[in-house]
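Q: File follows, protein26.pdb with PDB, C-alpha atoms:
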ATOM      1  CA  MET A 116     -25.665 154.361 121.824  1.00  0.00           C
ATOM      2  CA  ASN A 117     -28.385 152.454 119.935  1.00  0.00           C
ATOM      3  CA  GLY A 118     -27.922 154.684 116.841  1.00  0.00           C
ATOM      4  CA  LEU A 119     -24.200 153.954 116.763  1.00  0.00           C
ATOM      5  CA  ILE A 120     -24.733 150.187 116.856  1.00  0.00           C
ATOM      6  CA  GLY A 121     -27.371 150.413 114.110  1.00  0.00           C
ATOM      7  CA  THR A 122     -25.015 152.464 111.926  1.00  0.00           C
ATOM      8  CA  ILE A 123     -22.146 150.017 112.448  1.00  0.00           C
ATOM      9  CA  ASN A 124     -24.482 147.119 111.640  1.00  0.00           C
ATOM     10  CA  CYS A 125     -25.659 148.838 108.431  1.00  0.00           C
ATOM     11  CA  VAL A 126     -22.096 149.564 107.296  1.00  0.00           C
ATOM     12  CA  TRP A 127     -21.075 145.971 108.049  1.00  0.00           C
ATOM     13  CA  ARG A 128     -23.987 144.564 106.006  1.00  0.00           C
ATOM     14  CA  LEU A 129     -23.131 146.809 103.049  1.00  0.00           C
ATOM     15  CA  TYR A 130     -19.483 145.737 103.259  1.00  0.00           C
ATOM     16  CA  LYS A 131     -20.453 142.043 103.242  1.00  0.00           C
ATOM     17  CA  MET A 132     -22.857 142.558 100.300  1.00  0.00           C
ATOM     18  CA  ARG A 133     -20.066 144.270  98.341  1.00  0.00           C
ATOM     19  CA  GLN A 134     -17.708 141.364  99.008  1.00  0.00           C
ATOM     20  CA  GLN A 135     -20.313 138.839  97.828  1.00  0.00           C
ATOM     21  CA  ALA A 136     -21.026 140.873  94.699  1.00  0.00           C
ATOM     22  CA  MET A 137     -17.330 141.036  93.840  1.00  0.00           C
ATOM     23  CA  GLY A 138     -17.017 137.273  94.252  1.00  0.00           C
ATOM     24  CA  PHE A 139     -19.993 136.815  91.942  1.00  0.00           C
ATOM     25  CA  VAL A 140     -18.476 139.137  89.317  1.00  0.00           C
ATOM     26  CA  LYS A 141     -15.132 137.323  89.517  1.00  0.00           C
ATOM     27  CA  GLY A 142     -16.937 134.007  89.012  1.00  0.00           C
ATOM     28  CA  ILE A 143     -18.724 135.337  85.939  1.00  0.00           C
ATOM     29  CA  GLY A 144     -15.437 136.632  84.519  1.00  0.00           C
ATOM     30  CA  THR A 145     -13.725 133.300  85.099  1.00  0.00           C
ATOM     31  CA  GLY A 146     -16.610 131.433  83.476  1.00  0.00           C
ATOM     32  CA  LEU A 147     -16.464 133.698  80.422  1.00  0.00           C
ATOM     33  CA  ALA A 148     -12.707 133.223  80.059  1.00  0.00           C
ATOM     34  CA  VAL A 149     -12.954 129.434  80.323  1.00  0.00           C
ATOM     35  CA  GLY A 150     -15.875 129.395  77.901  1.00  0.00           C
ATOM     36  CA  MET A 151     -13.948 131.419  75.336  1.00  0.00           C
ATOM     37  CA  ALA A 152     -10.961 129.090  75.638  1.00  0.00           C
ATOM     38  CA  LEU A 153     -13.188 126.036  75.142  1.00  0.00           C
ATOM     39  CA  VAL A 154     -14.829 127.595  72.100  1.00  0.00           C
ATOM     40  CA  ALA A 155     -11.417 128.320  70.574  1.00  0.00           C
ATOM     41  CA  VAL A 156     -10.184 124.766  71.125  1.00  0.00           C
ATOM     42  CA  GLY A 157     -13.504 123.238  70.019  1.00  0.00           C
ATOM     43  CA  SER A 158     -13.672 125.254  66.814  1.00  0.00           C
ATOM     44  CA  ARG A 159     -10.120 124.202  65.932  1.00  0.00           C
ATOM     45  CA  MET A 160     -10.962 120.546  66.540  1.00  0.00           C
ATOM     46  CA  MET A 161     -14.232 120.812  64.587  1.00  0.00           C
ATOM     47  CA  ARG A 162     -12.324 122.145  61.596  1.00  0.00           C
ATOM     48  CA  ASP A 163      -9.510 119.586  61.655  1.00  0.00           C
ATOM     49  CA  ASN A 164     -11.069 116.327  62.857  1.00  0.00           C
ATOM     50  CA  ARG A 165     -13.983 114.713  61.005  1.00  0.00           C
ATOM     51  CA  SER A 166     -14.631 111.944  63.539  1.00  0.00           C
ATOM     52  CA  PHE A 167     -14.731 114.519  66.340  1.00  0.00           C
ATOM     53  CA  ARG A 168     -17.352 116.482  64.382  1.00  0.00           C
ATOM     54  CA  ARG A 169     -19.477 113.367  63.976  1.00  0.00           C
ATOM     55  CA  ARG A 170     -19.286 112.472  67.669  1.00  0.00           C
ATOM     56  CA  ALA A 171     -20.004 116.062  68.710  1.00  0.00           C
ATOM     57  CA  ASN A 172     -23.092 116.216  66.485  1.00  0.00           C
ATOM     58  CA  ARG A 173     -24.334 112.876  67.811  1.00  0.00           C
ATOM     59  CA  THR A 174     -23.802 114.043  71.389  1.00  0.00           C
ATOM     60  CA  MET A 175     -25.655 117.303  70.737  1.00  0.00           C
ATOM     61  CA  ARG A 176     -28.622 115.402  69.283  1.00  0.00           C
ATOM     62  CA  THR A 177     -28.675 113.028  72.253  1.00  0.00           C
ATOM     63  CA  VAL A 178     -28.573 115.885  74.767  1.00  0.00           C
ATOM     64  CA  GLY A 179     -31.344 117.658  72.861  1.00  0.00           C
ATOM     65  CA  GLU A 180     -33.522 114.539  72.986  1.00  0.00           C
ATOM     66  CA  LEU A 181     -32.809 114.151  76.697  1.00  0.00           C
ATOM     67  CA  LEU A 182     -33.869 117.753  77.382  1.00  0.00           C
ATOM     68  CA  ASP A 183     -37.035 117.223  75.327  1.00  0.00           C
ATOM     69  CA  ASN A 184     -37.870 114.147  77.405  1.00  0.00           C
ATOM     70  CA  VAL A 185     -37.296 116.037  80.657  1.00  0.00           C
ATOM     71  CA  GLN A 186     -39.578 118.856  79.455  1.00  0.00           C
ATOM     72  CA  GLU A 187     -42.289 116.333  78.612  1.00  0.00           C
ATOM     73  CA  ILE A 188     -42.094 114.929  82.143  1.00  0.00           C
ATOM     74  CA  PHE A 189     -42.867 118.330  83.657  1.00  0.00           C
ATOM     75  CA  HIS A 190     -45.748 119.174  81.325  1.00  0.00           C
TER      76      HIS A 190
END
Represent the structure of the file as structure tokens.
A:
Amino acid sequence: MNGLIGTINCVWRLYKMRQQAMGFVKGIGTGLAVGMALVAVGSRMMRDNRSFRRRANRTMRTVGELLDNVQEIFH
């Protein structure tokens, strides 16, 4: 009887791990799809809109400086 319960428990754990892994893979796929869509829209806007390019570059510099400051805090 104890062997049967252990086997059922093992199968159940494997089933739950598979479900979690599939959810993780679906999340990665969704993130990739959204990222590709954002890159497509962003590249179109970067090509067509000069003021958008300027603001995007300024934002990237600011975020880079912020990350540098955070790294300095932890060193």
Q: From the set A:Ala136, A:Asp183, A:Val126, A:Ser158, which residue has the shortest atom-to-atom contact distance to Ala171 in chain A, counting all atoms listed in the file?
A: A:Ser158
Q: Padding 5 Å on each side, edges along x, y and z: where is the centre of the box around the listed atoms of range 123-142 of chain A, and how long are its edges in Å to one decimal? Output it as lines of an AutoDock Vina configuration file.
A:
center_x = -20.4
center_y = 142.0
center_z = 100.7
size_x = 20.5
size_y = 26.0
size_z = 33.4
Q: To one decimal in Å, tell me the separation between CA of Gly144 in chain A and CA of Asp163 in chain A.
A: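 Computing the Euclidean distance for CA of Gly144 in chain A and CA of Asp163 in chain A yields 29.1 Å.
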Q: What gap, in Å, lies between CA of Ile120 in chain A and CA of Arg133 in chain A?
A: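 Spanning CA of Ile120 in chain A to CA of Arg133 in chain A is a straight-line distance of 20.0 Å.
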Q: Just give me the gap between CA of Val178 in chain A and CA of Ala148 in chain A in Å, one decimal is fine.
A: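 Between CA of Val178 in chain A and CA of Ala148 in chain A the gap works out to 24.1 Å.
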Q: Mind writing chain A to a file for me, with C-alpha atoms, as an mmCIF file, in the first residue's frame?
A:
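As a result, out_4.cif now contains:
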data_model
loop_
_atom_site.group_PDB
_atom_site.id
_atom_site.type_symbol
_atom_site.label_atom_id
_atom_site.label_comp_id
_atom_site.auth_asym_id
_atom_site.auth_seq_id
_atom_site.Cartn_x
_atom_site.Cartn_y
_atom_site.Cartn_z
ATOM 1 C CA MET A 116 0.000 0.000 0.000
ATOM 2 C CA ASN A 117 2.821 2.421 0.888
ATOM 3 C CA GLY A 118 4.497 1.857 -2.523
ATOM 4 C CA LEU A 119 1.283 2.723 -4.343
ATOM 5 C CA ILE A 120 0.871 6.009 -2.470
ATOM 6 C CA GLY A 121 4.520 6.922 -3.109
ATOM 7 C CA THR A 122 4.117 6.198 -6.829
ATOM 8 C CA ILE A 123 0.937 8.280 -7.052
ATOM 9 C CA ASN A 124 2.674 11.113 -5.188
ATOM 10 C CA CYS A 125 5.664 10.976 -7.572
ATOM 11 C CA VAL A 126 3.436 11.016 -10.662
ATOM 12 C CA TRP A 127 1.430 13.925 -9.234
ATOM 13 C CA ARG A 128 4.596 15.961 -8.553
ATOM 14 C CA LEU A 129 5.879 15.340 -12.087
ATOM 15 C CA TYR A 130 2.506 16.377 -13.519
ATOM 16 C CA LYS A 131 2.530 19.628 -11.514
ATOM 17 C CA MET A 132 6.145 20.382 -12.541
ATOM 18 C CA ARG A 133 5.193 19.880 -16.201
ATOM 19 C CA GLN A 134 2.266 22.280 -15.851
ATOM 20 C CA GLN A 135 4.496 24.936 -14.261
ATOM 21 C CA ALA A 136 7.126 24.505 -16.969
ATOM 22 C CA MET A 137 4.526 24.928 -19.704
ATOM 23 C CA GLY A 138 3.248 28.108 -18.067
ATOM 24 C CA PHE A 139 6.808 29.416 -17.926
ATOM 25 C CA VAL A 140 7.386 28.609 -21.613
ATOM 26 C CA LYS A 141 4.113 30.296 -22.587
ATOM 27 C CA GLY A 142 5.162 33.390 -20.628
ATOM 28 C CA ILE A 143 8.506 33.509 -22.420
ATOM 29 C CA GLY A 144 6.776 33.158 -25.793
ATOM 30 C CA THR A 145 4.340 35.946 -24.979
ATOM 31 C CA GLY A 146 7.170 38.202 -23.821
ATOM 32 C CA LEU A 147 9.097 37.573 -27.041
ATOM 33 C CA ALA A 148 6.055 38.344 -29.192
ATOM 34 C CA VAL A 149 5.313 41.586 -27.343
ATOM 35 C CA GLY A 150 8.975 42.574 -27.482
ATOM 36 C CA MET A 151 9.117 42.026 -31.233
ATOM 37 C CA ALA A 152 5.978 44.108 -31.728
ATOM 38 C CA LEU A 153 7.430 46.944 -29.635
ATOM 39 C CA VAL A 154 10.687 46.852 -31.576
ATOM 40 C CA ALA A 155 8.783 47.062 -34.867
ATOM 41 C CA VAL A 156 6.714 50.038 -33.721
ATOM 42 C CA GLY A 157 9.714 51.737 -32.081
ATOM 43 C CA SER A 158 11.926 51.384 -35.137
ATOM 44 C CA ARG A 159 9.197 52.892 -37.324
ATOM 45 C CA MET A 160 8.802 55.832 -34.947
ATOM 46 C CA MET A 161 12.579 56.319 -34.674
ATOM 47 C CA ARG A 162 12.807 56.577 -38.448
ATOM 48 C CA ASP A 163 9.887 58.967 -38.933
ATOM 49 C CA ASN A 164 9.870 61.250 -35.886
ATOM 50 C CA ARG A 165 12.897 63.383 -34.982
ATOM 51 C CA SER A 166 11.546 64.671 -31.662
ATOM 52 C CA PHE A 167 10.748 61.106 -30.593
ATOM 53 C CA ARG A 168 14.351 60.116 -31.363
ATOM 54 C CA ARG A 169 15.659 62.972 -29.235
ATOM 55 C CA ARG A 170 13.419 62.107 -26.284
ATOM 56 C CA ALA A 171 14.254 58.404 -26.567
ATOM 57 C CA ASN A 172 17.994 59.124 -26.547
ATOM 58 C CA ARG A 173 17.633 61.437 -23.552
ATOM 59 C CA THR A 174 15.609 58.806 -21.700
ATOM 60 C CA MET A 175 18.184 56.108 -22.461
ATOM 61 C CA ARG A 176 20.989 58.314 -21.121
ATOM 62 C CA THR A 177 19.004 59.083 -17.969
ATOM 63 C CA VAL A 178 18.246 55.406 -17.335
ATOM 64 C CA GLY A 179 21.907 54.555 -17.907
ATOM 65 C CA GLU A 180 22.986 57.170 -15.362
ATOM 66 C CA LEU A 181 20.411 55.872 -12.888
ATOM 67 C CA LEU A 182 21.715 52.303 -13.247
ATOM 68 C CA ASP A 183 25.287 53.550 -12.787
ATOM 69 C CA ASN A 184 24.258 55.310 -9.573
ATOM 70 C CA VAL A 185 22.523 52.183 -8.272
ATOM 71 C CA GLN A 186 25.640 50.106 -9.020
ATOM 72 C CA GLU A 187 27.786 52.602 -7.126
ATOM 73 C CA ILE A 188 25.516 52.264 -4.091
ATOM 74 C CA PHE A 189 26.114 48.514 -3.922
ATOM 75 C CA HIS A 190 29.885 48.677 -4.372
#
